[in-house]
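Reviewing the structure listed below.
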Amino acid sequence: MNGKADRVKGAINRQKEGKKTNISSWVSGSGERVKLKLVAKYADACNLSETTPEQYKHKLDVLREHCDNVGRDYNSIVKSSHNFISLIPPGEDPDKVTAPHRHGASFEDFSKRNVVGTPQQMVDYFGSLRDTGIEYFVIYFRNDLTRFDTIQMFAEEVMSVMRHS
C-alpha cells in the first residue's frame with residue numbers, strides 16, 4: 001500500500017433492472033403451512049429434514065398442493081433431503097457403534113431422528129427417498145469421521161451404487 005486513495009464518481013453498486021442473477025434460493029425446513037408455502041411461491045429448492053420415506057412423501061405431497069394453489073410448476077423446484085446417518089459396518093452391533101454419538105439417548109430414540117444402517121440398508125433407504133421425489137441428499141455423519149474407513153466405506157458401498165442406479 002502506498003497510502004494513495006482513488007475516488008470514483010457515479011459508481012453504481014446495484015443490479016441493473018431486468019437483469020437476472022444466477023443465485024438460487026433454497027429454503028430448509030419442513031413446516032407445512034409456512035415454509036413449504038414459501039417454497040412453492042418463491043424458492044428454487046427445498047431441503048427437507050424428515051426421517052422416513054413416508055414422512056418425505058407426505059411433505060412433498062403438501063408442497064405439490066401449495067404449488068397447485070399458486071400456479072407453480074412443482075417439477076421446477078429442486079427437492080433435497082437433510083439426513084443424519086450412522087453407518088454400521090456389516091456384522092457390527094448398531095447399539096455399540098452409535099453409543100458414543102447418542103449423548104445419553106437410547107438407541108431407539110436415536111434411531112427415530114437418525115438413519116442407522118449398513119451400507120446396503122443405506123442404499124435401500126436413499127433409493128426409497130429417490131422414489132418419493134427427492135433429488136439430492138445432504139448427509140451428516142454421526143460416526144467418528146476421523147476414521148477414514150467409515151468415509152471410504154460410504155463412498156465405495158453407498159455413493160458408488162447410488163450413482164449408478
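In the C-alpha cells, chains take the letters A, B, ... in the order shown, each chain's residues start at 1, and ligands count up from 1 in the order shown.
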Q) Got a sec to tell me which of range 2-164 of chain A DSSP assigns to helix (DSSP H, G or I), as a VMD selection string? A) chain A and resid 35 to 42 53 to 70 74 to 76 94 to 101 107 to 113 119 to 132 148 to 163
Q) What lies within 9 Å of Met162 in chain A using only C-alpha atoms, ignoring chain neighbours under 4 positions off, as a ChimeraX atom specification? A) /A:123,126-127,157-158
Q.
Quick check for you: according to DSSP on this backbone, which residues of range 98-158 of chain A are classed as strand (DSSP E or B)? Reply as a PyMOL selection string.
A. chain A and resi 115-117+136-141
(Q) Taking 4 positions as the minimum chain separation for residues in the same chain, which residues sit within 12 Å of Ile139 in chain A when counting only C-alpha atoms? Answer as a ChimeraX atom specification. (A) /A:47-49,80-87,114-115,122,126,143,151,154,158-159
Q.
Which residues are close to Lys41 in chain A, i.e. within 10 Å by only C-alpha atoms, leaving aside same-chain residues fewer than 4 positions away? Reply as number ranges by chain.
A. A: 35-37, 66-67, 69-72
